[in-house]
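Peer 1: Sharing a structure, written as structure tokens. Questions coming.
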Amino acid sequence: MSAVPSIVGVVGGGRMGAGIAQIFAVAGAEVTIVEADGVAADAARERVRRGVEQGAAKGKLGAEPSDVLRRITTVTSVEDLAPETGLVVEAVPEIAEAKLSVLTAVEKIIGPDAVIASNTSSLSIADLGTVLEHPKRFLGLHFFNPVPASALVEVVRAADTSSVVVSSAVDWVAALGKTEIVVKDSPGFATSRLGVLLGLEAIRMLEEDVADAESIDRAMELGYRHPMGPLKSTDLVGLDVRLAIADYLHRTVGERFRAPMLLRDKVARGELGKKSGQGFYTWPS
């Protein structure tokens with residue numbers, strides 16, 4: 001099994017970025033998290049610390065907590081990434097303009113042989129890669145929330161992505177103790193397209209008073225053996241994130257991805273799911 005790159009950069013230290021940084025550090029990489037400012041950088045490190053402690057408490061960390069934290073550095077500019085960084089994962093919010101800006105800045109700093117990946121859950125890798133001088137080294141690495149506990153990584157290959165880069169990414173996923181699926185670059189890829197469609201229909205059923213949220217989720221958990229129902233899953237992902245993906249898929253794929261008004265209303269009220277304390281369920285702080 002191939003090891004992960006010895007030096008990894010993660011741009012964006014939110015819930016996803018912190019989780020990505022943690023698993024690479026557990027696997028032995030020196031990881032630099034890039035955030036917008038000192039406050040955000042401190043918050044990112046705190047997220048990693050909590051994740052490491054939770055993993056250790058459950059006996060699932062796979063490394064000494066102090067060793068993991070020692071391998072993680074936080075900075076406030078992509079210019080602080082080491083030129084010898086072997087992989088940079090962009091993990092900023094699902095806003096195309098923000099991702100394009102990050103990718104442009106990253107390519108100016110790292111070496112010509114480094115791999116650049118986006119953690120986008122739906123945006124076209126080919127479209128994001130248009131700002132890169134060398135799109136052959138760019139691909140999607142779609143991790144799932146919560147990153148340390150999830151088993152899957154979706155490896156998204158654009159038409160320009162090098163076969164060598166895809167092969168390396170598959171090896172890195174294995175070294176992280178996860179399983180990959182390699183998918184063609186297409187709106188929503190495989191997982192978001194299926195997951196969002198199921199989630200939107202569950203929201204419509206709630207909107208139409210077919211059943212309450214618990215019953216809709218229980219139907220999929222017990223009837224189809226889903227580990228988590230679509231409404232609880234939407235709360236975990238974030239209603240704002242799911243709405244953004246749905247709107248993108250509606251524009252690019254078609255009418256079946258039109259978001260229900262109930263979802264729009266909840267996002268407008270700030271009911272974003274677990275991260276806000278209220279979504280389709282009430283979550284403890």
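Each chain of the structure tokens is named A, B, ... in the order shown, its residues numbered from 1; ligands are numbered from 1 in display order.
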List as a PyMOL selection string the protein and nucleic acid residues near A:Leu103, meaning an atom at most 9 Å away when only C-alpha atoms are counted, but skip any in the same chain fewer than 3 places from it.
Peer 2: chain A and resi 90+98-100+106-108+116-118+128-129+131-132
Peer 1: Those residues you just picked out, can you put them in a file as a PDB file, in the first residue's frame with C-alpha atoms?
Peer 2:
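Generated output (selection_13.pdb):
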```pdb
ATOM      1  CA  GLU A  90      -9.267  22.716  -1.344  1.00  0.00           C
ATOM      2  CA  ALA A  98     -14.203  31.028  -3.796  1.00  0.00           C
ATOM      3  CA  LYS A  99     -12.852  27.705  -5.017  1.00  0.00           C
ATOM      4  CA  LEU A 100     -11.500  29.203  -8.237  1.00  0.00           C
ATOM      5  CA  VAL A 106      -2.369  27.432  -4.749  1.00  0.00           C
ATOM      6  CA  GLU A 107      -0.933  26.643  -8.172  1.00  0.00           C
ATOM      7  CA  LYS A 108       1.359  29.682  -7.937  1.00  0.00           C
ATOM      8  CA  ILE A 116      -4.354  19.648  -6.393  1.00  0.00           C
ATOM      9  CA  ALA A 117      -7.744  18.301  -5.302  1.00  0.00           C
ATOM     10  CA  SER A 118     -11.123  19.833  -4.580  1.00  0.00           C
ATOM     11  CA  LEU A 128     -12.895  24.456 -11.691  1.00  0.00           C
ATOM     12  CA  GLY A 129      -9.789  23.286 -13.520  1.00  0.00           C
ATOM     13  CA  VAL A 131      -8.129  28.395 -13.988  1.00  0.00           C
ATOM     14  CA  LEU A 132      -5.173  26.002 -13.690  1.00  0.00           C
TER      15      LEU A 132
END
```
Peer 1: Tell me which protein, DNA and RNA residues are within 8 Å of stretch 48-58 of chain A, counting only C-alpha atoms, leaving out same-chain ones fewer than 6 positions away, and put them as a list in words.
Peer 2: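 Residues near the query, excluding close chain neighbours: Ala18, Gly19, Ala21, Gln22, Glu64, Pro65, Val68 and Leu69 of chain A.
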Peer 1: Got a sec: who's within 7 Å of A:Thr73, counting only C-alpha atoms, leaving out chain neighbours fewer than 4 positions off, as a tab-separated table (two decimals) with all heavy atoms, in the first residue's frame?
Peer 2:
```
chain	number	residue	atom	x	y	z
A	31	VAL	N	0.77	18.24	7.99
A	31	VAL	CA	-0.38	18.91	7.38
A	31	VAL	C	-0.40	20.38	7.75
A	31	VAL	O	-0.27	20.74	8.92
A	31	VAL	CB	-1.70	18.25	7.82
A	31	VAL	CG1	-2.88	18.93	7.13
A	31	VAL	CG2	-1.68	16.75	7.50
A	32	THR	N	-0.59	21.23	6.75
A	32	THR	CA	-0.77	22.66	6.96
A	32	THR	C	-2.19	23.04	6.58
A	32	THR	O	-2.62	22.79	5.46
A	32	THR	CB	0.23	23.48	6.12
A	32	THR	OG1	1.56	23.15	6.50
A	32	THR	CG2	0.00	24.98	6.33
A	33	ILE	N	-2.92	23.61	7.54
A	33	ILE	CA	-4.27	24.11	7.28
A	33	ILE	C	-4.19	25.61	7.01
A	33	ILE	O	-3.63	26.36	7.81
A	33	ILE	CB	-5.21	23.86	8.49
A	33	ILE	CG1	-5.29	22.37	8.81
A	33	ILE	CG2	-6.60	24.42	8.19
A	33	ILE	CD1	-6.10	22.08	10.07
```
Peer 1: May I have the residues within 12 Å of A:Ser167 as a PyMOL selection string, using only C-alpha atoms and disregarding those fewer than 6 positions away in the same chain?
Peer 2: chain A and resi 1-2+115+137+139+155-157+161+173-174+180-182
Peer 1: What's the 12 Å shell around A:Arg269, counting only C-alpha atoms, without same-chain residues fewer than 5 positions away, as a list of chain:residue names?
Peer 2: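 So, after excluding close chain neighbours, the residues are A:Leu239, A:Asp240, A:Leu262, A:Leu263, A:Arg264, A:Ser276, A:Gln278, A:Gly279.
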Peer 1: Could you give me, as a JSON list (two decimals) with N, CA and C atoms, in the first residue's frame, the residues within 10 Å of A:Ala159, counting only C-alpha atoms and dropping anything in the same chain fewer than 6 positions from it?
Peer 2:
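Generated file (around23.json):
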```json
[["chain", "number", "residue", "atom", "x", "y", "z"],
["A", 125, "ILE", "N", -15.47, 19.45, -11.91],
["A", 125, "ILE", "CA", -14.00, 19.49, -11.78],
["A", 125, "ILE", "C", -13.39, 20.13, -13.03],
["A", 126, "ALA", "N", -13.95, 19.85, -14.18],
["A", 126, "ALA", "CA", -13.43, 20.45, -15.42],
["A", 126, "ALA", "C", -13.59, 21.97, -15.38],
["A", 135, "PRO", "N", -4.11, 21.46, -15.62],
["A", 135, "PRO", "CA", -5.30, 20.76, -15.11],
["A", 135, "PRO", "C", -5.13, 19.24, -15.02],
["A", 136, "LYS", "N", -4.08, 18.69, -15.65],
["A", 136, "LYS", "CA", -3.88, 17.25, -15.60],
["A", 136, "LYS", "C", -3.60, 16.76, -14.18],
["A", 139, "LEU", "N", -8.00, 16.98, -9.61],
["A", 139, "LEU", "CA", -9.12, 16.03, -9.56],
["A", 139, "LEU", "C", -9.97, 16.35, -8.35],
["A", 184, "LYS", "N", -16.74, 9.56, -13.14],
["A", 184, "LYS", "CA", -16.55, 10.55, -14.19],
["A", 184, "LYS", "C", -17.06, 11.90, -13.71],
["A", 185, "ASP", "N", -16.39, 12.95, -14.10],
["A", 185, "ASP", "CA", -16.82, 14.31, -13.77],
["A", 185, "ASP", "C", -18.19, 14.58, -14.39]]
```
Peer 1: I'd like the neighbourhood of A:Pro230 as a list in words, where a residue qualifies if any of its atoms comes within 10 Å (using only C-alpha atoms), though same-chain residues fewer than 3 positions away should be ignored.
Peer 2: Gly195, Val196, Leu197, Leu198, Gly199, Leu200, Glu201, Ala202, Ile203, Ala213, Ile216, Asp217, Arg218, Ala219, Met220, Glu221, His226, Pro227, Ser233, Thr234, Asp235 and Leu236 of chain A
Peer 1: Check the smallest atom-to-atom distance from each of A:Val34, A:Met205, A:Val237, A:Ala158 to A:Gly12 using only C-alpha atoms, then report the winner.
Peer 2: A:Val34
Peer 1: Between atom CA of A:Ala44 and atom CA of A:Glu133, measure the distance and give it in Å to one decimal.
Peer 2: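 According to the coordinates, atom CA of A:Ala44 and atom CA of A:Glu133 are separated by 29.8 Å.
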Peer 1: Apply DSSP to the structure's backbone, then extract all residues of stretch 8-94 of chain A labelled strand (DSSP E or B) and return them as a list of chain:residue names.
Peer 2: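 Reading the DSSP output for stretch 8-94 of chain A, strand (DSSP E or B) covers A:Val8, A:Gly9, A:Val10, A:Val11, A:Glu30, A:Val31, A:Thr32, A:Ile33, A:Val34, A:Ile72, A:Thr73, A:Thr74, A:Val75, A:Leu87, A:Val88, A:Val89, A:Glu90.
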Peer 1: Using only C-alpha atoms, can you tell me which of A:Thr76, A:Ile95, A:Ser122, A:Asp127 comes closest to A:Glu154?
Peer 2: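 Looking only at the distances to A:Glu154, the closest residue turns out to be A:Ser122.
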Peer 1: How many Å separate atom CA of A:Ala40 from atom CA of A:Lys274?
Peer 2: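 Separation between atom CA of A:Ala40 and atom CA of A:Lys274: 19.9 Å.
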Peer 1: Nearest residue to A:Leu61 out of A:Ile20, A:Val11, A:Ala149, A:Val88, using only C-alpha atoms?
Peer 2: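 Checking each of A:Ile20, A:Val11, A:Ala149, A:Val88 against A:Leu61, counting only C-alpha atoms, the winner is A:Ala149.
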Peer 1: One number please: atom CA of A:Glu255 to atom CA of A:Leu152, in Å, one decimal.
Peer 2: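 Atom-to-atom, atom CA of A:Glu255 and atom CA of A:Leu152 are spaced 28.4 Å apart.
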Peer 1: For A:Ala190, which of A:Arg45, A:His142, A:Lys232, A:Arg225 is the closest residue, counting only C-alpha atoms?
Peer 2: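 Once distances to A:Ala190 are computed over only C-alpha atoms, the minimum belongs to A:His142.
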Peer 1: To test your reading of the structure, identify every residue in stretch 21-154 of chain A that backbone DSSP assigns to helix (DSSP H, G or I), and report it as a PyMOL selection string.
Peer 2: chain A and resi 21-26+38-57+65-70+78-80+96-109+125-131+135-137
Peer 1: Could you tell me which of A:Leu272, A:Val75, A:Leu123, A:Leu176 comes closest to A:Thr252 if we count only C-alpha atoms?
Peer 2: A:Leu123
